[in-house]
Amino acid sequence: MVLLLSALTSIHAQDNPNARQARRIFNQAYQQVFGEQGATLRYDVNITGIYKTYGTIWYKGKKSKFVDAKMNSWNDGVTVYTIKNKKKNKEVEIHNAKNNKSDKYSSKFKFEPDNFDYSIANHEQGLMLTLKAKKGAKGIKEVHALVKRQTYEPISLRIKIAFIWTTIKISNFKSGGITDEMLRFPVEKYKDYKFVDKR
């Protein structure tokens with residue numbers, strides 16, 4: 001009986017106007033970034049002062065490209081090409097897109113929208129969407145997503161995994177206009193590099 005009441009309370013908590021509005025706005029913001037039209041943005045990442053990086057990323061469906069302070073990467077949906085900027089030797093690592101061992105950082109942030117309860121509140125800079133993981137959900141525990149009031153474009157994210165918070169500031173955001181050519185690995189530019197196949 002206690003479990004039944006708990007389940008009904010959880011369902012009721014997400015069946016209210018605030019929760020429905022939060023999920024609707026989140027879905028619109030999410031589609032601007034990850035929809036088939038593609039998107040680009042600059043990011044500044046800070047994991048509690050331990051790890052910091054910045055760069056620009058382009059998305060389109062399963063394809064992506066990012067130019068980062070630590071490494072550059074191209075993902076055509078099948079193969080990932082990675083160049084680590086700190087290495088003195090000229091190497092291009094080749095990885096399988098489905099099992100990209102070169103990108104341990106991003107793998108920690110795998111996101112399933114249905115794993116969360118949603119709420120929304122006004123914020124001085126826009127709208128604050130709060131996502132809290134449902135009981136038993138693995139990975140991300142909490143997300144605070146700040147979006148613009150009218151357009152729902154992302155401004156910043158705070159993401160909690162275990163007890164660690166990561167802050168991501170977003171700028172230069174643009175949705176649409178991303179072509180496959182923009183995401184193509186420019187092999188001709190790296191002809192003098194050593195290709196290391198890690199698939």
# chains A, B, ... in the order shown; residues from 1 in each chain; ligands from 1

$ closest_atom_pairs --of "range 132-197 of chain A" --to "range 56-67 of chain A" --cutoff "10 Å" --atoms "only C-alpha atoms" --output "JSON lines"
{"residue": "A:Ile170", "atom": "CA", "partner": "A:Thr56", "partner_atom": "CA", "distance": 9.6}
{"residue": "A:Ser171", "atom": "CA", "partner": "A:Thr56", "partner_atom": "CA", "distance": 9.3}
{"residue": "A:Asn172", "atom": "CA", "partner": "A:Thr56", "partner_atom": "CA", "distance": 9.0}
{"residue": "A:Phe173", "atom": "CA", "partner": "A:Thr56", "partner_atom": "CA", "distance": 9.7}
{"residue": "A:Lys174", "atom": "CA", "partner": "A:Trp58", "partner_atom": "CA", "distance": 9.5}
{"residue": "A:Ser175", "atom": "CA", "partner": "A:Tyr59", "partner_atom": "CA", "distance": 9.4}
{"residue": "A:Gly176", "atom": "CA", "partner": "A:Lys60", "partner_atom": "CA", "distance": 8.8}
{"residue": "A:Gly177", "atom": "CA", "partner": "A:Lys60", "partner_atom": "CA", "distance": 9.6}
{"residue": "A:Ile178", "atom": "CA", "partner": "A:Lys60", "partner_atom": "CA", "distance": 6.7}
{"residue": "A:Thr179", "atom": "CA", "partner": "A:Lys60", "partner_atom": "CA", "distance": 7.8}
{"residue": "A:Asp180", "atom": "CA", "partner": "A:Lys60", "partner_atom": "CA", "distance": 7.8}
{"residue": "A:Met182", "atom": "CA", "partner": "A:Lys65", "partner_atom": "CA", "distance": 8.3}
{"residue": "A:Leu183", "atom": "CA", "partner": "A:Lys65", "partner_atom": "CA", "distance": 5.5}
{"residue": "A:Arg184", "atom": "CA", "partner": "A:Lys65", "partner_atom": "CA", "distance": 8.1}
{"residue": "A:Phe185", "atom": "CA", "partner": "A:Lys65", "partner_atom": "CA", "distance": 8.5}

$ residues_around --residues "range 151-166 of chain A" --least-positions-apart "6" --cutoff "7 Å" --atoms "only C-alpha atoms" --output "list in words"
Ile25, Ala29, Asn46, Ile47, Thr48, Gly139, Ile140, Lys141, Glu142, Val143, His144 and Ala145 of chain A

$ write_last_selection --atoms "N, CA, C and O atoms" --output "compact mmCIF listing (two decimals), in the first residue's frame"
# COMPACT_ATOMS: atom_id res chain seq x y z
N ILE A 25 8.65 23.11 -22.66
CA ILE A 25 9.70 24.08 -22.97
C ILE A 25 11.05 23.39 -23.10
O ILE A 25 11.84 23.70 -24.00
N ALA A 29 13.57 23.43 -26.35
CA ALA A 29 14.98 23.82 -26.24
C ALA A 29 15.89 22.68 -26.72
O ALA A 29 16.86 22.91 -27.47
N ASN A 46 33.23 23.77 -16.61
CA ASN A 46 33.97 23.79 -15.35
C ASN A 46 33.40 22.71 -14.44
O ASN A 46 32.25 22.78 -14.02
N ILE A 47 34.21 21.67 -14.18
CA ILE A 47 33.81 20.61 -13.27
C ILE A 47 34.43 20.91 -11.91
O ILE A 47 35.58 20.53 -11.63
N THR A 48 33.69 21.63 -11.08
CA THR A 48 34.09 22.03 -9.72
C THR A 48 35.55 22.48 -9.63
O THR A 48 36.23 22.21 -8.64
N GLY A 139 23.35 7.61 -13.77
CA GLY A 139 24.02 8.71 -14.48
C GLY A 139 23.69 10.06 -13.88
O GLY A 139 23.88 10.30 -12.69
N ILE A 140 23.16 10.95 -14.70
CA ILE A 140 22.86 12.32 -14.28
C ILE A 140 21.77 12.32 -13.21
O ILE A 140 20.73 11.70 -13.38
N LYS A 141 22.02 13.04 -12.10
CA LYS A 141 21.07 13.09 -10.99
C LYS A 141 20.19 14.33 -11.02
O LYS A 141 19.05 14.31 -10.57
N GLU A 142 20.74 15.43 -11.53
CA GLU A 142 19.99 16.68 -11.52
C GLU A 142 20.54 17.61 -12.60
O GLU A 142 21.73 17.61 -12.87
N VAL A 143 19.64 18.39 -13.20
CA VAL A 143 20.02 19.37 -14.22
C VAL A 143 19.30 20.68 -13.94
O VAL A 143 18.10 20.68 -13.67
N HIS A 144 20.04 21.78 -14.00
CA HIS A 144 19.45 23.11 -13.96
C HIS A 144 19.77 23.75 -15.31
O HIS A 144 20.93 24.07 -15.58
N ALA A 145 18.75 23.92 -16.15
CA ALA A 145 18.95 24.45 -17.50
C ALA A 145 18.32 25.83 -17.59
O ALA A 145 17.11 25.98 -17.44

$ residues_around --residues "range 69-71 of chain A" --least-positions-apart "5" --cutoff "12 Å" --atoms "only C-alpha atoms" --output "PyMOL selection string"
chain A and resi 42-45+51-57+81-87+91-93+102-103+105

$ select_by_dssp --residues "range 42-195 of chain A" --states "helix (DSSP H, G or I)" --output "NGL selection string"
:A and (104-107 or 113-115 or 180-183 or 187-190)

$ select_by_dssp --residues "range 29-194 of chain A" --states "strand (DSSP E)" --output "PyMOL selection string"
chain A and resi 39-47+51-60+63-68+71-75+79-84+91-96+116-123+126-133+140-147+154-161+164-175+194

$ closest_residue --among "A:Asn122, A:Asn99, A:Asn16, A:Thr79" --to "Leu146 in chain A" --atoms "only C-alpha atoms"
A:Asn122

$ atom_distance --atom1 "CA of Lys135 in chain A" --atom2 "CA of Asp114 in chain A"
11.9 Å

$ closest_residue --among "A:Lys134, A:Val147, A:Phe111, A:Asn72" --to "Gln32 in chain A" --atoms "only C-alpha atoms"
A:Val147

$ closest_residue --among "A:Ala133, A:Gly126, A:Lys90, A:Lys138" --to "Lys191 in chain A" --atoms "only C-alpha atoms"
A:Lys90

$ atom_distance --atom1 "CA of Ile120 in chain A" --atom2 "CA of Gln37 in chain A"
26.2 Å

$ atom_distance --atom1 "CA of Phe116 in chain A" --atom2 "CA of Thr40 in chain A"
25.3 Å

$ closest_residue --among "A:Lys132, A:Ala97, A:Leu127, A:Asn89" --to "Asp192 in chain A" --atoms "only C-alpha atoms"
A:Asn89
